[in-house]
Structures are given as C-alpha cells and as structure tokens.
Amino acid sequence: MNKLLLIILNCCLGSFFMGFCLGQMNIISSDVYNVYKIEDPFTKGLMQSLLTIGGGIGSISASILMGLFSRRKSLQITDFFGMMAILISFMDESKYALLASRFFVGVVLGLNGVLVPVYINEMSPKEKAGFLGTMNQLCITLGILSSFLMSYFQDVKLPIPFYQMMLYLPIIPCIIRACALSTIFKYETPVYCAKNHLNQQLQKVVEMIYQEKAEKMYEQFQSQQKSSERRITFNQLFSQKYRLRLFIGISLASLQQLGGINGIMFYSSSIFDQVTGQASQKVFYLNLIVGFIGVFTALLATIIIEQFGRKPILKYGTLWCFISLLMLTFLMSNSIGNTTFGKYSIVISIFSYLFGFGFSLGPLLFIYLTEILPDLGVSASGLMNWMSGGLVAQMFPVIASYDISYCFALFSIFNLIAYLIIQNKVVETKGLDKETVEKCFENQKFDYIPYQEAYQEERFR
C-alpha cells in the first residue's frame with residue numbers, strides 16, 4: 001500500500017502543477033500587466049480565459065491520447081508537453097508568447113484533469129478508491145497554496161524577476177513525474193493491462209497493489225478481459241445506455257464551475273481588496289487562509305469519504321455552498337456589507353463556501369465521474385468543466401461591474417440546481433464495480449444503497 005500511495009502521489013504532481021498554474025496569476029497579474037504593457041480589459045481577460053479554453057481542448061484530447069497510448073505513456077507525453085508549454089515564454093518575452101504559453105499550459109491542465117483521476121481510479125482497490133481519489137484534489141489545493149505562499153518572495157531580491165520565477169516554476173513537477181514514470185514507477189494500470197492482454201505486466205502490478213490477494217485478483221482481472229469495455233464512440237456515448245450518466249457528468253462538471261469556485265479563486269484578491277480597503281498585508285493573509293482551507297478540506301475529504309458515500313457528501317456539501325452564497329448575496333446587496341460587521345461576515349461567508357466546496361464537489365466530482373462514465377464521457381465532462389470555468393472567469397468582472405451581488409446570486413442558483421440533480425439522479429457508487437453501477441442506472445435505482453451490500457467485501461478476501 002505504501003508503494004501504491006507513492007505511485008498515486010507521483011501521478012498527482014500533475015494536479016499540483018494544475019493548482020500552481022491556477023493560482024499564479026492571482027499573485028503576479030499586476031507585475032505581468034506592467035511588464036508586458038497589457039492595459040486593455042480584453043487582453044487581461046485572455047490571461048485567464050485562454051487557460052480555460054486550453055483546458056477544454058486538453059480534456060477532450062485526453063480520451064484520444066488514452067486511445068493511442070497507455071495510461072503511463074499518456075502521463076509522460078503530458079509532462080513533455082507541459083515543459084514545452086512553459087518554455088514558450090522563454091523564447092520570446094512578448095505578450096503574444098505569454099498568451100500562447102498560457103493557452104498551451106491550459107491544454108496540459110485539461111489533460112491532467114482527466115488523466116490523473118482515470119489513472120488513480122484504475123490503480124486503486126475498490127475499498128481504497130475514495131481515499132486515494134482525494135489525493136488529486138489535495139495536490140491541487142497544495143499547488144494553489146504554494147503559489148500563494150510564494151508571494152512572500154515578491155519583495156525579496158532574486159536572480160530573476162519574481163514574475164518570471166513564478167511562470168517557470170511549474171516545469172519542476174513535470175520533470176519529476178516524467179522521470180519517475182520512466183524509472184521507478186513503470187507501472188500500467190491493472191484495468192489497462194487486462195483490456196490489452198498484457199498478462200505479465202498485469203501480474204506485476206497486481207502483486208504490487210494486492211500483495212497476498214494478488215493471485216485471486218489476477219484471476220479476476222483476467223476473467224474481465226473478455227467483458228472489458230471497448231473504446232466507445234460519441235454516437236455510443238449518446239445512446240440510451242450512457243445518456244443519463246452523461247447528463248449527470250456534463251451537468252455536475254458544468255455546475256461545479258458555474259457554482260462560483262473560479263470566480264472566487266481568480267478574483268479573491270479583488271474581493272478582499274474591497275473588504276479590507278486595499279490593505280495589502282491583510283489581503284495576503286486572507287489569501288493564505290483560502291489556500292489553507294483548501295488543503296484542510298481536502299484532507300477532511302480523505303477521512304469522511306471512507307465513512308460516508310459519494311451521494312451524501314456531494315448532496316450536503318452542495319447545499320452548504322448554496323446557503324453560504326445566499327448569505328453572501330444578501331450581505332453584498334445592501335448597506336450591511338459596508339459595515340465592519342458586514343465585512344467580517346462577507347469574509348466568513350466566502351470561507352464557508354470554500355469549506356463546503358472543498359470536501360464535496362471539489363474532491364469528489366471526478367472520482368464519481370470515473371466510476372460512472374467511460375473515458376470519453378469523463379473527457380466530455382472535463383471539456384464542459386473547463387468551458388464553464390472560462391465563462392465564469394470572463395463574465396465575472398463584467399457582471400460585477402454592475403453589481404457584484406448579482407454574481408453570487410447566480411452562483412447560489414447554480415448550486416441549488418446541482419443539489420437537485422444530485423438528490424434525484426445520482427446513484428451511490430461506493431464499493432461498486434462498473435457492471436453493478438450500470439445495473440443501478442438501468443434499473444433507475446437512485447436511492448441510497450446500503451454499504452454492506454454495495455461494498456462487496458467478499459471480492460477482496
């Protein structure tokens with residue numbers, strides 16, 4: 001188990017890369033705008049929206065990449081592409097090279113956003129899939145927190161300008177993961193090995209994961225070779241068999257972003273500026289708290305996901321987000337928000353929303369999607385996730401220029417819609433294999449499934 005955890009954490013360096021890249025512009029945007037002489041609002045918006053557009057392209061490309069290469073090689077290709085994307089800004093110190101770099105970095109984020117959850121899901125024993133799956137979100141939040149902590153060096157004398165260092169640092173996790181996958185962690189997933197009849201590799205990876213249960217699990221994976229899911233087409237994805245699951249995947253992936261997380265993460269400094277009266281030191285500490293909340297809730301998710309199922313955590317976490325944003329809308333829409341009490345309440349409401357998101361839709365969404373959808377369905381959901389994030393990043397400042405409370409009102413409505421979908425359409429999947437999940441959807445069993453039945457412990461004895 002210790003070696004498996006190290007393999008998963010190495011894979012999650014792609015998630016750390018994602019978190020750092022998502023947080024870096026929050027810290028260096030003013031320096032970048034000054035150095036590259038970016039003054040018009042459209043180009044400033046492109047700095048964020050190109051990242052999300054690239055993310056959408058990367059998400060849908062992940063399915064193609066996994067169809068052509070193995071899981072491990074797909075991750076290595078992603079790391080190589082990540083190095084190239086960052087090095088573009090070395091070649092020509094112009095705003096056009098920077099914009100191109102942001103777009104291609106976004107493609108890498110989209111690839112990692114699909115490849116990492118799929119790799120973790122296929123590597124993990126069913127009884128540990130939830131715990132190991134939360135490592136993805138934990139590493140994203142650690143990446144965001146690291147980018148916020150790096151602002152400590154903003155006024156320190158460095159060999160290169162601070163903003164350049166921040167742009168180049170994400171190349172490090174790409175190098176480390178690519179090297180580790182080529183040397184000490186040369187494992188394909190059991191699911192991939194079974195599908196492609198790689199019996200020697202299957203034997204090796206099963207022994208590493210299951211140890212004393214290896215022989216039984218090897219036989220089980222071999223028996224699944226004939227029934228292993230073949231690569232499906234878009235037409236098949238929209239067939240009756242997958243239609244409801246695809247609806248759930250695309251809806252929840254879109255609503256995760258439309259629910260406001262990137263509106264707050266991209267523009268938290270601006271919001272805190274208004275609340276604190278542009279007190280830079282207070283803004284710095286508030287942003288650090290944002291990062292620490294993300295890490296704490298991701299750690300919390302690793303505990304509660306083994307105690308409760310996917311559905312209750314998603315449902316109550318989304319309801320928590322809805323209530324927090326409703327409070328934030330009320331505070332922002334009247335004079336109470338201008339009082340000292342109101343300003344403290346605004347900050348607490350933002351932290352409350354981040355807490356609810358951090359243990360529910362944040363870590364659990366793509367764990368759940370890999371359990372109910374084939375690779376292509378996960379990619380399609382990832383595409384909608386990134387496109388929705390880009391829409392929020394582009395429209396948030398526009399709507400906020402009229403009245404920022406309108407933004408939070410919309411976010412709260414989207415969280416309410418997500419809650420209703422989870423309540424009525426989401427099937428509990430804890431401990432279930434994909435065949436059982438398919439039967440649940442075919443029989444329209446949306447109610448809570450007792451874990452004693454769902455867990456199927458005899459499969460692991």
# chains A, B, ... in the order shown; residues from 1 in each chain; ligands from 1
call {"tool": "select_by_dssp", "arguments": {"residues": "range 68-216 of chain A", "states": "helix (DSSP H, G or I)", "output": "MDAnalysis selection string"}}
result
chainID A and resid 68 71:91 95:123 126:155 162:168 171:182 190:195 199:216
call {"tool": "residues_around", "arguments": {"residues": "Ser349 in chain A", "least_positions_apart": "5", "cutoff": "7 Å", "atoms": "only C-alpha atoms", "output": "list of chain:residue names"}}
result
A:Ser324, A:Met327, A:Leu328
call {"tool": "write_last_selection", "arguments": {"atoms": "all heavy atoms", "output": "mmCIF file, in the first residue's frame"}}
result
data_model
loop_
_atom_site.group_PDB
_atom_site.id
_atom_site.type_symbol
_atom_site.label_atom_id
_atom_site.label_comp_id
_atom_site.auth_asym_id
_atom_site.auth_seq_id
_atom_site.Cartn_x
_atom_site.Cartn_y
_atom_site.Cartn_z
ATOM 1 N N SER A 324 -24.214 29.289 1.885
ATOM 2 C CA SER A 324 -23.127 30.271 2.056
ATOM 3 C C SER A 324 -23.220 31.382 1.019
ATOM 4 O O SER A 324 -23.047 32.569 1.337
ATOM 5 C CB SER A 324 -21.771 29.566 1.950
ATOM 6 O OG SER A 324 -21.627 28.566 2.935
ATOM 7 N N MET A 327 -26.122 33.770 1.719
ATOM 8 C CA MET A 327 -25.727 34.744 2.740
ATOM 9 C C MET A 327 -24.847 35.832 2.128
ATOM 10 O O MET A 327 -25.006 37.021 2.424
ATOM 11 C CB MET A 327 -24.971 34.039 3.866
ATOM 12 C CG MET A 327 -25.822 33.102 4.709
ATOM 13 S SD MET A 327 -24.808 32.122 5.856
ATOM 14 C CE MET A 327 -23.931 33.418 6.741
ATOM 15 N N LEU A 328 -23.915 35.422 1.267
ATOM 16 C CA LEU A 328 -23.011 36.371 0.626
ATOM 17 C C LEU A 328 -23.779 37.336 -0.274
ATOM 18 O O LEU A 328 -23.488 38.539 -0.303
ATOM 19 C CB LEU A 328 -21.970 35.604 -0.181
ATOM 20 C CG LEU A 328 -20.715 36.348 -0.640
ATOM 21 C CD1 LEU A 328 -19.995 36.993 0.522
ATOM 22 C CD2 LEU A 328 -19.779 35.392 -1.366
#
call {"tool": "residues_around", "arguments": {"residues": "range 283-292 of chain A", "least_positions_apart": "3", "cutoff": "12 Å", "atoms": "only C-alpha atoms", "output": "PyMOL selection string"}}
result
chain A and resi 19-20+22-23+26-27+138-152+154+261+264-280+295-299+344+347-355+357-358
call {"tool": "residues_around", "arguments": {"residues": "Val378 in chain A", "least_positions_apart": "5", "cutoff": "7 Å", "atoms": "only C-alpha atoms", "output": "ChimeraX atom specification"}}
result
/A:114,369-370,373
call {"tool": "closest_atom_pairs", "arguments": {"of": "range 41-115 of chain A", "to": "range 385-394 of chain A", "cutoff": "7 Å", "atoms": "only C-alpha atoms", "output": "Markdown table"}}
result
| residue | atom | partner | partner_atom | distance |
| --- | --- | --- | --- | --- |
| A:Gly45 | CA | A:Gln394 | CA | 6.0 |
| A:Gln48 | CA | A:Ala393 | CA | 6.6 |
| A:Ser49 | CA | A:Gly390 | CA | 4.9 |
| A:Thr52 | CA | A:Gly390 | CA | 4.9 |
| A:Ile53 | CA | A:Met387 | CA | 6.3 |
| A:Gly55 | CA | A:Trp386 | CA | 5.6 |
| A:Gly56 | CA | A:Trp386 | CA | 4.9 |
call {"tool": "write_last_selection", "arguments": {"atoms": "all heavy atoms", "output": "short mmCIF file (atom, residue, chain, number, x, y, z; two decimals), in the first residue's frame"}}
result
data_model
loop_
_atom_site.label_atom_id
_atom_site.label_comp_id
_atom_site.auth_asym_id
_atom_site.auth_seq_id
_atom_site.Cartn_x
_atom_site.Cartn_y
_atom_site.Cartn_z
N GLY A 45 -8.45 39.74 -19.69
CA GLY A 45 -9.37 38.60 -19.59
C GLY A 45 -8.81 37.37 -20.27
O GLY A 45 -9.02 36.24 -19.79
N GLN A 48 -6.73 34.74 -18.30
CA GLN A 48 -7.42 33.67 -17.59
C GLN A 48 -8.21 32.78 -18.53
O GLN A 48 -8.18 31.56 -18.41
CB GLN A 48 -8.37 34.27 -16.53
CG GLN A 48 -7.70 35.04 -15.41
CD GLN A 48 -6.82 34.14 -14.53
OE1 GLN A 48 -6.65 32.95 -14.79
NE2 GLN A 48 -6.24 34.71 -13.49
N SER A 49 -8.91 33.39 -19.50
CA SER A 49 -9.80 32.59 -20.34
C SER A 49 -9.04 31.66 -21.29
O SER A 49 -9.51 30.57 -21.60
CB SER A 49 -10.74 33.50 -21.15
OG SER A 49 -10.03 34.38 -21.98
N THR A 52 -8.46 28.43 -19.60
CA THR A 52 -9.63 27.55 -19.54
C THR A 52 -10.00 27.01 -20.92
O THR A 52 -10.46 25.87 -21.03
CB THR A 52 -10.83 28.29 -18.92
OG1 THR A 52 -11.09 29.48 -19.67
CG2 THR A 52 -10.54 28.69 -17.49
N ILE A 53 -9.79 27.80 -21.97
CA ILE A 53 -10.04 27.30 -23.33
C ILE A 53 -9.08 26.15 -23.64
O ILE A 53 -9.48 25.10 -24.16
CB ILE A 53 -9.90 28.43 -24.37
CG1 ILE A 53 -11.02 29.46 -24.20
CG2 ILE A 53 -9.92 27.87 -25.80
CD1 ILE A 53 -10.81 30.74 -24.99
N GLY A 55 -7.71 24.31 -21.42
CA GLY A 55 -8.13 23.21 -20.56
C GLY A 55 -9.23 22.38 -21.19
O GLY A 55 -9.23 21.15 -21.09
N GLY A 56 -10.18 23.04 -21.84
CA GLY A 56 -11.25 22.33 -22.52
C GLY A 56 -10.73 21.45 -23.65
O GLY A 56 -11.13 20.29 -23.80
#
call {"tool": "residues_around", "arguments": {"residues": "Phe408 in chain A", "least_positions_apart": "4", "cutoff": "8 Å", "atoms": "only C-alpha atoms", "output": "ChimeraX atom specification"}}
result
/A:260,325-326,328-329,404,412
call {"tool": "atom_distance", "arguments": {"atom1": "CA of Leu5 in chain A", "atom2": "CA of Gly67 in chain A"}}
result
25.8 Å
call {"tool": "closest_atom_pairs", "arguments": {"of": "range 70-166 of chain A", "to": "range 303-315 of chain A", "cutoff": "12 Å", "atoms": "only C-alpha atoms", "output": "Markdown table"}}
result
| residue | atom | partner | partner_atom | distance |
| --- | --- | --- | --- | --- |
| A:Lys126 | CA | A:Glu306 | CA | 11.1 |
| A:Glu127 | CA | A:Glu306 | CA | 8.4 |
| A:Lys128 | CA | A:Glu306 | CA | 8.1 |
| A:Ala129 | CA | A:Glu306 | CA | 9.2 |
| A:Gly130 | CA | A:Ile305 | CA | 5.9 |
| A:Phe131 | CA | A:Ile305 | CA | 6.6 |
| A:Leu132 | CA | A:Ile305 | CA | 10.1 |
| A:Gly133 | CA | A:Ile305 | CA | 9.6 |
| A:Thr134 | CA | A:Ile305 | CA | 8.5 |
| A:Met135 | CA | A:Ile303 | CA | 11.5 |
call {"tool": "closest_residue", "arguments": {"among": "A:Glu371, A:Ala301, A:Asp31, A:Glu428", "to": "Asp155 in chain A", "atoms": "only C-alpha atoms"}}
result
A:Asp31
call {"tool": "residues_around", "arguments": {"residues": "range 80-92 of chain A", "least_positions_apart": "5", "cutoff": "7 Å", "atoms": "only C-alpha atoms", "output": "list in words"}}
result
Ala97, Leu98, Ser101, Phe104, Val105, Val108, Tyr168, Ile171 and Cys174 of chain A
call {"tool": "write_last_selection", "arguments": {"atoms": "all heavy atoms", "output": "compact mmCIF listing (two decimals), in the first residue's frame"}}
result
# COMPACT_ATOMS: atom_id res chain seq x y z
N ALA A 97 3.80 35.68 -26.86
CA ALA A 97 4.39 34.42 -26.43
C ALA A 97 3.80 34.00 -25.09
O ALA A 97 3.54 32.81 -24.85
CB ALA A 97 5.90 34.56 -26.32
N LEU A 98 3.57 34.97 -24.20
CA LEU A 98 2.98 34.67 -22.90
C LEU A 98 1.56 34.14 -23.06
O LEU A 98 1.17 33.16 -22.40
CB LEU A 98 2.98 35.91 -22.01
CG LEU A 98 2.41 35.74 -20.61
CD1 LEU A 98 3.20 34.69 -19.82
CD2 LEU A 98 2.40 37.07 -19.85
N SER A 101 1.76 30.67 -24.34
CA SER A 101 2.17 29.79 -23.25
C SER A 101 0.99 29.49 -22.34
O SER A 101 0.77 28.33 -21.94
CB SER A 101 3.29 30.43 -22.44
OG SER A 101 3.66 29.63 -21.34
N PHE A 104 -1.30 26.87 -24.03
CA PHE A 104 -0.78 25.50 -24.05
C PHE A 104 -0.64 24.93 -22.64
O PHE A 104 -0.80 23.72 -22.44
CB PHE A 104 0.55 25.45 -24.80
CG PHE A 104 0.39 25.63 -26.28
CD1 PHE A 104 0.93 26.74 -26.93
CD2 PHE A 104 -0.31 24.71 -27.04
CE1 PHE A 104 0.77 26.91 -28.30
CE2 PHE A 104 -0.48 24.87 -28.40
CZ PHE A 104 0.06 25.98 -29.04
N VAL A 105 -0.35 25.79 -21.66
CA VAL A 105 -0.38 25.33 -20.26
C VAL A 105 -1.80 24.87 -19.92
O VAL A 105 -1.99 23.85 -19.24
CB VAL A 105 0.09 26.45 -19.30
CG1 VAL A 105 -0.29 26.11 -17.86
CG2 VAL A 105 1.59 26.64 -19.40
N VAL A 108 -2.42 21.40 -21.04
CA VAL A 108 -1.80 20.44 -20.10
C VAL A 108 -2.68 20.28 -18.87
O VAL A 108 -2.86 19.16 -18.36
CB VAL A 108 -0.38 20.91 -19.71
CG1 VAL A 108 0.23 19.95 -18.69
CG2 VAL A 108 0.51 20.99 -20.94
N TYR A 168 8.02 30.08 -14.46
CA TYR A 168 8.88 28.96 -14.82
C TYR A 168 8.84 27.81 -13.81
O TYR A 168 9.15 26.67 -14.15
CB TYR A 168 10.33 29.43 -14.97
CG TYR A 168 10.52 30.52 -15.99
CD1 TYR A 168 11.56 31.45 -15.89
CD2 TYR A 168 9.66 30.63 -17.09
CE1 TYR A 168 11.74 32.45 -16.84
CE2 TYR A 168 9.83 31.64 -18.02
CZ TYR A 168 10.86 32.54 -17.89
OH TYR A 168 11.03 33.54 -18.83
N ILE A 171 7.51 23.98 -14.21
CA ILE A 171 8.21 22.97 -15.01
C ILE A 171 8.78 21.86 -14.12
O ILE A 171 8.99 20.73 -14.58
CB ILE A 171 9.34 23.63 -15.84
CG1 ILE A 171 9.70 22.74 -17.04
CG2 ILE A 171 10.56 23.93 -15.00
CD1 ILE A 171 10.63 23.42 -18.02
N CYS A 174 6.62 18.69 -13.65
CA CYS A 174 6.60 17.96 -14.94
C CYS A 174 7.84 17.09 -15.08
O CYS A 174 7.76 15.91 -15.48
CB CYS A 174 6.53 18.94 -16.11
SG CYS A 174 4.99 19.86 -16.23
call {"tool": "atom_distance", "arguments": {"atom1": "CA of Ala380 in chain A", "atom2": "CA of Ile60 in chain A"}}
result
5.8 Å
call {"tool": "closest_residue", "arguments": {"among": "A:Glu93, A:Glu188, A:Glu207, A:Asp375", "to": "Met123 in chain A", "atoms": "only C-alpha atoms"}}
result
A:Glu188
call {"tool": "atom_distance", "arguments": {"atom1": "CA of Ser405 in chain A", "atom2": "CA of Gln257 in chain A"}}
result
17.4 Å
call {"tool": "closest_residue", "arguments": {"among": "A:Leu115, A:Asn199, A:Thr429, A:Ala409", "to": "Phe69 in chain A", "atoms": "only C-alpha atoms"}}
result
A:Leu115
